[in-house]
file input_21.txt (compact mmCIF, C-alpha atoms and all ligand atoms)
# COMPACT_ATOMS: atom_id res chain seq x y z
CA MET R 1 -14.62 10.65 -14.12
CA SER R 2 -11.41 12.61 -14.60
CA GLY R 3 -8.46 12.82 -12.24
CA LEU R 4 -5.31 10.79 -11.88
CA ASN R 5 -4.60 7.20 -12.89
CA LEU R 6 -3.93 4.91 -9.95
CA ALA R 7 -2.35 1.47 -9.94
CA VAL R 8 -3.02 -0.52 -6.78
CA LEU R 9 -0.55 -3.32 -6.02
CA VAL R 10 -1.72 -6.19 -3.86
CA SER R 11 -0.75 -9.66 -2.66
CA GLY R 12 -3.67 -10.91 -0.59
CA ASN R 13 -7.16 -10.20 0.67
CA GLY R 14 -7.32 -6.64 -0.62
CA SER R 15 -9.41 -4.99 2.09
CA ASN R 16 -7.39 -1.79 1.63
CA LEU R 17 -8.00 -2.06 -2.11
CA GLN R 18 -11.73 -2.36 -1.37
CA ALA R 19 -11.63 0.84 0.68
CA LEU R 20 -10.00 2.60 -2.30
CA ILE R 21 -12.50 1.15 -4.79
CA ASP R 22 -15.43 2.30 -2.64
CA ALA R 23 -13.99 5.77 -2.13
CA ALA R 24 -13.18 6.25 -5.82
CA SER R 25 -16.63 5.07 -6.91
CA GLN R 26 -18.23 7.49 -4.45
CA GLY R 27 -16.15 10.39 -5.77
CA ARG R 28 -14.10 10.73 -2.57
CA ILE R 29 -10.88 10.33 -4.57
CA ASN R 30 -10.33 12.44 -7.66
CA GLY R 31 -8.86 9.58 -9.64
CA ARG R 32 -9.60 6.20 -11.13
CA ILE R 33 -8.07 2.84 -10.37
CA ALA R 34 -6.64 2.03 -13.79
CA ALA R 35 -5.28 -1.36 -12.77
CA VAL R 36 -4.91 -3.74 -9.85
CA ILE R 37 -1.71 -5.73 -10.04
CA SER R 38 -0.99 -8.76 -7.87
CA ASP R 39 2.18 -10.77 -7.46
CA ARG R 40 0.03 -13.77 -6.51
CA LYS R 41 -2.50 -15.40 -8.79
CA ASP R 42 -4.75 -16.51 -5.95
CA ALA R 43 -5.01 -13.09 -4.24
CA TYR R 44 -8.66 -12.39 -3.39
CA ALA R 45 -7.92 -8.75 -4.23
CA LEU R 46 -8.00 -9.73 -7.93
CA GLN R 47 -11.58 -10.92 -7.48
CA ARG R 48 -12.48 -7.62 -5.84
CA ALA R 49 -11.12 -5.74 -8.87
CA ASN R 50 -13.05 -8.00 -11.26
CA ASN R 51 -16.23 -7.46 -9.27
CA HIS R 52 -15.93 -3.75 -9.97
CA GLY R 53 -14.89 -3.96 -13.63
CA ILE R 54 -11.32 -2.89 -12.85
CA GLU R 55 -8.53 -4.48 -14.86
CA ALA R 56 -6.92 -7.16 -12.69
CA ILE R 57 -3.42 -8.29 -13.62
CA ALA R 58 -1.76 -11.30 -11.99
CA LEU R 59 1.99 -11.43 -12.37
CA ASP R 60 3.21 -14.73 -10.95
CA LYS R 61 6.88 -14.30 -10.11
CA ARG R 62 7.62 -17.96 -10.82
CA GLU R 63 6.62 -17.40 -14.43
CA PHE R 64 9.37 -14.82 -14.96
CA ALA R 65 13.01 -15.58 -15.73
CA GLY R 66 14.02 -13.69 -12.56
CA LYS R 67 13.28 -10.65 -10.40
CA ALA R 68 14.60 -8.27 -13.09
CA ALA R 69 12.15 -9.65 -15.65
CA PHE R 70 9.29 -9.37 -13.15
CA ASP R 71 10.27 -5.76 -12.34
CA ALA R 72 10.51 -4.90 -16.04
CA GLU R 73 6.97 -6.17 -16.56
CA LEU R 74 5.74 -4.03 -13.66
CA SER R 75 7.36 -0.96 -15.24
CA LYS R 76 5.75 -1.79 -18.57
CA GLN R 77 2.33 -2.05 -16.93
CA PHE R 78 2.73 1.35 -15.23
CA ARG R 79 3.99 3.12 -18.35
CA SER R 80 1.36 1.71 -20.69
CA ARG R 81 -1.39 3.06 -18.41
CA ASN R 82 0.15 6.48 -17.69
CA ILE R 83 0.06 5.76 -14.00
CA ASP R 84 0.28 8.89 -11.80
CA LEU R 85 0.12 7.19 -8.39
CA ILE R 86 1.14 3.70 -7.33
CA VAL R 87 -0.50 2.49 -4.12
CA LEU R 88 1.03 -0.48 -2.33
CA ALA R 89 -1.93 -1.98 -0.50
CA GLY R 90 -0.59 -5.10 1.14
CA PHE R 91 1.92 -5.74 -1.66
CA LEU R 92 4.65 -8.00 -0.37
CA SER R 93 7.24 -7.75 -3.15
CA ILE R 94 9.97 -5.13 -2.92
CA LEU R 95 10.03 -2.59 -5.73
CA PRO R 96 13.43 -2.13 -7.44
CA THR R 97 15.36 1.14 -7.29
CA GLU R 98 14.62 1.79 -10.98
CA ILE R 99 10.91 2.02 -10.17
CA THR R 100 11.25 3.88 -6.85
CA LYS R 101 13.47 6.45 -8.60
CA GLU R 102 11.29 6.84 -11.69
CA TYR R 103 8.18 7.29 -9.55
CA GLU R 104 9.78 9.18 -6.67
CA GLY R 105 7.06 10.92 -4.66
CA LYS R 106 4.42 8.96 -6.54
CA ILE R 107 4.42 5.64 -4.67
CA ILE R 108 2.67 5.28 -1.32
CA ASN R 109 2.57 2.28 1.01
CA ILE R 110 0.36 1.35 3.94
CA HIS R 111 2.14 -0.31 6.84
CA PRO R 112 0.36 -1.80 9.88
CA SER R 113 2.48 -0.18 12.62
CA LEU R 114 3.70 3.22 13.74
CA ILE R 115 6.88 3.58 11.65
CA PRO R 116 9.78 3.60 12.60
CA ALA R 117 8.67 0.88 15.04
CA PHE R 118 8.03 -2.67 13.87
CA CYS R 119 8.88 -2.10 10.22
CA GLY R 120 11.59 -2.96 7.70
CA LYS R 121 12.61 -6.29 6.25
CA GLY R 122 10.58 -9.23 7.54
CA PHE R 123 7.89 -7.06 9.14
CA TYR R 124 4.69 -7.56 7.21
CA GLY R 125 1.12 -8.59 7.92
CA GLU R 126 0.56 -10.73 11.00
CA LYS R 127 4.29 -10.76 11.87
CA VAL R 128 4.08 -7.05 12.70
CA HIS R 129 1.23 -7.48 15.17
CA LYS R 130 2.86 -10.52 16.76
CA ALA R 131 6.06 -8.51 17.31
CA VAL R 132 4.15 -5.56 18.79
CA ILE R 133 2.41 -7.83 21.31
CA GLU R 134 5.57 -9.79 22.17
CA HIS R 135 7.38 -6.51 22.79
CA GLY R 136 4.67 -5.39 25.18
CA ALA R 137 4.04 -2.16 23.28
CA LYS R 138 1.05 -0.25 24.60
CA MET R 139 0.32 1.51 21.33
CA SER R 140 0.42 0.50 17.71
CA GLY R 141 -1.24 1.90 14.62
CA ALA R 142 -0.89 2.41 10.90
CA THR R 143 1.34 4.54 8.68
CA VAL R 144 1.05 5.70 5.09
CA HIS R 145 4.40 6.74 3.69
CA PHE R 146 6.14 7.47 0.41
CA VAL R 147 8.25 4.61 -0.86
CA ASP R 148 11.95 5.15 -1.38
CA GLU R 149 14.74 2.65 -2.08
CA GLY R 150 14.69 1.35 1.51
CA THR R 151 12.09 -0.84 3.21
CA ASP R 152 9.55 1.33 5.07
CA THR R 153 12.05 4.23 5.24
CA GLY R 154 10.32 6.84 3.06
CA PRO R 155 8.71 10.11 4.24
CA ILE R 156 5.69 9.63 6.49
CA ILE R 157 2.43 11.06 5.15
CA LEU R 158 -0.19 10.01 7.73
CA GLN R 159 -0.21 8.03 10.96
CA GLN R 160 -2.82 7.05 13.48
CA SER R 161 -2.47 5.08 16.68
CA VAL R 162 -4.55 2.41 18.38
CA GLU R 163 -4.22 1.09 21.91
CA VAL R 164 -2.89 -2.41 22.44
CA ALA R 165 -5.38 -3.78 24.94
CA GLU R 166 -4.75 -6.32 27.66
CA GLY R 167 -5.10 -9.83 26.23
CA GLU R 168 -4.79 -8.58 22.65
CA THR R 169 -3.92 -11.25 20.06
CA PRO R 170 -2.29 -10.66 16.67
CA GLU R 171 -5.71 -11.30 15.10
CA THR R 172 -7.62 -8.79 17.24
CA LEU R 173 -4.90 -6.18 16.84
CA ALA R 174 -4.78 -6.72 13.06
CA ALA R 175 -8.53 -6.19 12.85
CA LYS R 176 -8.33 -3.00 14.90
CA VAL R 177 -5.44 -1.62 12.85
CA LEU R 178 -7.14 -2.51 9.54
CA VAL R 179 -10.05 -0.22 10.39
CA ILE R 180 -7.72 2.76 10.57
CA GLU R 181 -5.64 1.56 7.61
CA HIS R 182 -8.72 1.80 5.42
CA GLN R 183 -9.30 5.39 6.50
CA LEU R 184 -5.66 6.44 6.14
CA ILE R 185 -5.07 4.91 2.72
CA VAL R 186 -8.17 6.58 1.30
CA LYS R 187 -7.26 9.92 2.90
CA ALA R 188 -3.69 9.77 1.55
CA ALA R 189 -4.83 8.84 -1.97
CA ALA R 190 -7.44 11.61 -1.91
CA LEU R 191 -4.91 14.21 -0.71
CA PHE R 192 -2.41 13.11 -3.35
CA CYS R 193 -5.00 13.36 -6.13
CA GLU R 194 -5.85 16.88 -4.97
CA GLY R 195 -2.18 17.86 -5.09
CA ARG R 196 -2.19 18.55 -1.35
CA ILE R 197 0.86 16.52 -0.34
CA LEU R 198 4.09 18.47 -0.45
CA LEU R 199 7.43 16.73 -0.03
CA ASP R 200 10.13 18.76 1.69
CA GLY R 201 13.15 16.48 1.99
CA LYS R 202 12.26 13.82 4.55
CA LYS R 203 9.19 15.76 5.69
CA VAL R 204 5.71 15.79 4.29
CA ILE R 205 3.54 18.87 4.45
CA ILE R 206 -0.20 18.49 3.99
CA LEU R 207 -1.65 21.56 2.31
C1 LIG S 1 -2.43 -4.76 5.66
O1 LIG S 1 -2.50 -4.85 7.05
C2 LIG S 1 -1.21 -3.96 5.24
O2 LIG S 1 -0.92 -2.90 6.10
C3 LIG S 1 -0.14 -5.02 5.31
O3 LIG S 1 -0.75 -6.15 4.73
C4 LIG S 1 -2.15 -6.13 5.03
C5 LIG S 1 -2.92 -6.32 3.74
O4 LIG S 1 -4.29 -6.40 4.00
N1 LIG S 1 1.04 -4.60 4.60
C6 LIG S 1 2.26 -4.86 5.06
O5 LIG S 1 2.48 -5.50 6.07
C7 LIG S 1 3.39 -4.29 4.22
N2 LIG S 1 4.60 -4.24 4.96
P1 LIG S 1 -5.35 -6.27 2.82
O6 LIG S 1 -4.88 -7.21 1.70
O7 LIG S 1 -6.64 -6.73 3.42
O8 LIG S 1 -5.39 -4.84 2.36
call {"tool": "encode", "arguments": {"input": "input_21.txt", "output": "C-alpha cells"}}
result
Amino acid sequence: MSGLNLAVLVSGNGSNLQALIDAASQGRINGRIAAVISDRKDAYALQRANNHGIEAIALDKREFAGKAAFDAELSKQFRSRNIDLIVLAGFLSILPTEITKEYEGKIINIHPSLIPAFCGKGFYGEKVHKAVIEHGAKMSGATVHFVDEGTDTGPIILQQSVEVAEGETPETLAAKVLVIEHQLIVKAAALFCEGRILLDGKKVIIL
C-alpha cells in the first residue's frame, strides 16, 4: 500500500488507534501506520500495534535524562521513518515547540469535548467528562484539531456533538463520546492523506 507515513502517539487503551488500524487495513485511509509510540510501557495500545504487525515503540519518560532528551528521541523516531502525519490518539505528554513547529500542519489531536470548552491544561480523559457533567452542560462531543504550541488551541478540523443525558456519568459520557471520536479521527486522517485539509490561518477548509 502506498500513501503517507503515519505515526500514532498513545498513552493508554488505544481504542482510537484501533479505529485507525482498522481503517488503514481496509483501505479507508491512504496511508500506513509506520509506528505506534507510547510514553507508557504498559499502554494496551502497544499490544494492539503488535497484534497487527505494526512497530510499537515504548518510550518511558523515567528512562530519559529529562524532558528534552525524551523530546529529542521522539524527533529522532519521526525523522528516521519519514513521518508525514503525527496523530495524537490519547497521548498525554505535551509536544515541545521544536516538534510542533517542525511539523506544523502535520500533527492532529483528538480531544473528548467541543473545543474551546473543557480543554487545555489538566483536561484529559475522564477529567473532561467529569467537568462537563459538573458544569451541567447539555451538550458535549469530540474535536479533531491541528496541534500548535498551545494546549488544545490549534485550528479545528472536525467536531461532532453528543447530548449529555439526564443521569449521565463520566463513564457513560466517555463511552458515548468515544464512538464519535473513532469516526472523527479516521475521517480526519483520511482527509489529510487525500490532501483535502487546507489551513487558512486559524481556519480549516475541507476540500
Ligand atoms: C480519548 O477519549 C481521547 O480523546 C482522550 O484520551 C482518550 C484515549 O482513549 N485524549 C485526551 O483527553 C487528550 N487531551 P483511547 O486510548 O481508547 O484512544
call {"tool": "residues_near_ligand", "arguments": {"input": "input_21.txt", "ligand": "ligand LIG 1 (chain S)", "cutoff": "8 Å", "atoms": "only C-alpha atoms and all ligand atoms", "output": "ChimeraX atom specification"}}
result
/R:10-18,45,88-92,109-113,119-120,123-126,128,142,152,174,177-178,181
call {"tool": "closest_residue", "arguments": {"input": "input_21.txt", "among": "R:His135, R:His129, R:Lys101, R:Lys41", "to": "Val162 of chain R", "atoms": "all atoms listed in the file"}}
result
R:His129
call {"tool": "residues_around", "arguments": {"input": "input_21.txt", "residues": "segment 201-205 of chain R", "least_positions_apart": "6", "cutoff": "7 Å", "atoms": "only C-alpha atoms", "output": "list in words"}}
result
Pro155, Ile156 and Ile157 of chain R
call {"tool": "atom_distance", "arguments": {"input": "input_21.txt", "atom1": "atom CA of Gln159 of chain R", "atom2": "atom CA of Phe118 of chain R"}}
result
13.8 Å
call {"tool": "atom_distance", "arguments": {"input": "input_21.txt", "atom1": "atom CA of Leu199 of chain R", "atom2": "atom CA of Thr153 of chain R"}}
result
14.3 Å
call {"tool": "atom_distance", "arguments": {"input": "input_21.txt", "atom1": "atom CA of Phe78 of chain R", "atom2": "atom CA of Gly150 of chain R"}}
result
20.6 Å
call {"tool": "decode", "arguments": {"input": "input_21.txt", "residues": "segment 34-61 of chain R", "atoms": "N, CA and C atoms", "output": "mmCIF file, in the first residue's frame"}}
result
data_model
loop_
_atom_site.group_PDB
_atom_site.id
_atom_site.type_symbol
_atom_site.label_atom_id
_atom_site.label_comp_id
_atom_site.auth_asym_id
_atom_site.auth_seq_id
_atom_site.Cartn_x
_atom_site.Cartn_y
_atom_site.Cartn_z
ATOM 1 N N ALA R 34 3.204 3.743 10.306
ATOM 2 C CA ALA R 34 4.609 3.315 10.283
ATOM 3 C C ALA R 34 5.102 2.999 11.692
ATOM 4 N N ALA R 35 4.499 3.619 12.691
ATOM 5 C CA ALA R 35 4.918 3.342 14.070
ATOM 6 C C ALA R 35 3.848 3.799 15.045
ATOM 7 N N VAL R 36 3.766 3.071 16.146
ATOM 8 C CA VAL R 36 2.943 3.487 17.286
ATOM 9 C C VAL R 36 3.918 3.764 18.421
ATOM 10 N N ILE R 37 3.839 4.963 18.959
ATOM 11 C CA ILE R 37 4.782 5.347 20.009
ATOM 12 C C ILE R 37 4.001 5.672 21.279
ATOM 13 N N SER R 38 4.405 5.058 22.371
ATOM 14 C CA SER R 38 3.736 5.295 23.653
ATOM 15 C C SER R 38 4.715 5.898 24.658
ATOM 16 N N ASP R 39 4.182 6.773 25.508
ATOM 17 C CA ASP R 39 5.027 7.299 26.586
ATOM 18 C C ASP R 39 4.841 6.468 27.863
ATOM 19 N N ARG R 40 4.098 5.365 27.731
ATOM 20 C CA ARG R 40 3.941 4.445 28.867
ATOM 21 C C ARG R 40 4.150 3.026 28.390
ATOM 22 N N LYS R 41 4.988 2.302 29.117
ATOM 23 C CA LYS R 41 5.321 0.935 28.717
ATOM 24 C C LYS R 41 4.136 -0.014 28.789
ATOM 25 N N ASP R 42 3.216 0.281 29.726
ATOM 26 C CA ASP R 42 2.115 -0.664 29.950
ATOM 27 C C ASP R 42 0.857 -0.293 29.161
ATOM 28 N N ALA R 43 0.967 0.631 28.214
ATOM 29 C CA ALA R 43 -0.220 1.035 27.429
ATOM 30 C C ALA R 43 -0.716 -0.152 26.594
ATOM 31 N N TYR R 44 -1.993 -0.451 26.710
ATOM 32 C CA TYR R 44 -2.560 -1.567 25.932
ATOM 33 C C TYR R 44 -2.460 -1.281 24.429
ATOM 34 N N ALA R 45 -2.393 -0.017 24.081
ATOM 35 C CA ALA R 45 -2.259 0.368 22.667
ATOM 36 C C ALA R 45 -1.044 -0.314 22.017
ATOM 37 N N LEU R 46 0.022 -0.520 22.786
ATOM 38 C CA LEU R 46 1.225 -1.166 22.235
ATOM 39 C C LEU R 46 0.901 -2.593 21.801
ATOM 40 N N GLN R 47 0.087 -3.251 22.616
ATOM 41 C CA GLN R 47 -0.353 -4.618 22.298
ATOM 42 C C GLN R 47 -1.167 -4.627 21.012
ATOM 43 N N ARG R 48 -2.027 -3.631 20.873
ATOM 44 C CA ARG R 48 -2.852 -3.538 19.656
ATOM 45 C C ARG R 48 -1.959 -3.418 18.431
ATOM 46 N N ALA R 49 -0.907 -2.590 18.530
ATOM 47 C CA ALA R 49 0.015 -2.432 17.397
ATOM 48 C C ALA R 49 0.693 -3.768 17.096
ATOM 49 N N ASN R 50 1.209 -4.421 18.130
ATOM 50 C CA ASN R 50 1.861 -5.720 17.956
ATOM 51 C C ASN R 50 0.943 -6.719 17.284
ATOM 52 N N ASN R 51 -0.306 -6.728 17.706
ATOM 53 C CA ASN R 51 -1.283 -7.675 17.142
ATOM 54 C C ASN R 51 -1.426 -7.517 15.634
ATOM 55 N N HIS R 52 -1.108 -6.316 15.149
ATOM 56 C CA HIS R 52 -1.298 -6.043 13.719
ATOM 57 C C HIS R 52 0.032 -5.895 12.995
ATOM 58 N N GLY R 53 1.115 -6.310 13.621
ATOM 59 C CA GLY R 53 2.435 -6.266 12.982
ATOM 60 C C GLY R 53 2.935 -4.852 12.747
ATOM 61 N N ILE R 54 2.474 -3.921 13.575
ATOM 62 C CA ILE R 54 2.922 -2.526 13.455
ATOM 63 C C ILE R 54 3.999 -2.289 14.506
ATOM 64 N N GLU R 55 5.057 -1.600 14.119
ATOM 65 C CA GLU R 55 6.149 -1.363 15.063
ATOM 66 C C GLU R 55 5.640 -0.574 16.278
ATOM 67 N N ALA R 56 5.870 -1.114 17.452
ATOM 68 C CA ALA R 56 5.387 -0.489 18.694
ATOM 69 C C ALA R 56 6.607 -0.057 19.514
ATOM 70 N N ILE R 57 6.666 1.229 19.792
ATOM 71 C CA ILE R 57 7.836 1.777 20.490
ATOM 72 C C ILE R 57 7.392 2.361 21.828
ATOM 73 N N ALA R 58 7.974 1.879 22.902
ATOM 74 C CA ALA R 58 7.646 2.404 24.236
ATOM 75 C C ALA R 58 8.791 3.285 24.703
ATOM 76 N N LEU R 59 8.473 4.541 24.924
ATOM 77 C CA LEU R 59 9.494 5.466 25.431
ATOM 78 C C LEU R 59 9.088 5.858 26.847
ATOM 79 N N ASP R 60 9.703 5.227 27.822
ATOM 80 C CA ASP R 60 9.371 5.527 29.218
ATOM 81 C C ASP R 60 10.130 6.779 29.642
ATOM 82 N N LYS R 61 9.357 7.809 29.977
ATOM 83 C CA LYS R 61 9.976 9.104 30.304
ATOM 84 C C LYS R 61 11.008 8.999 31.416
#
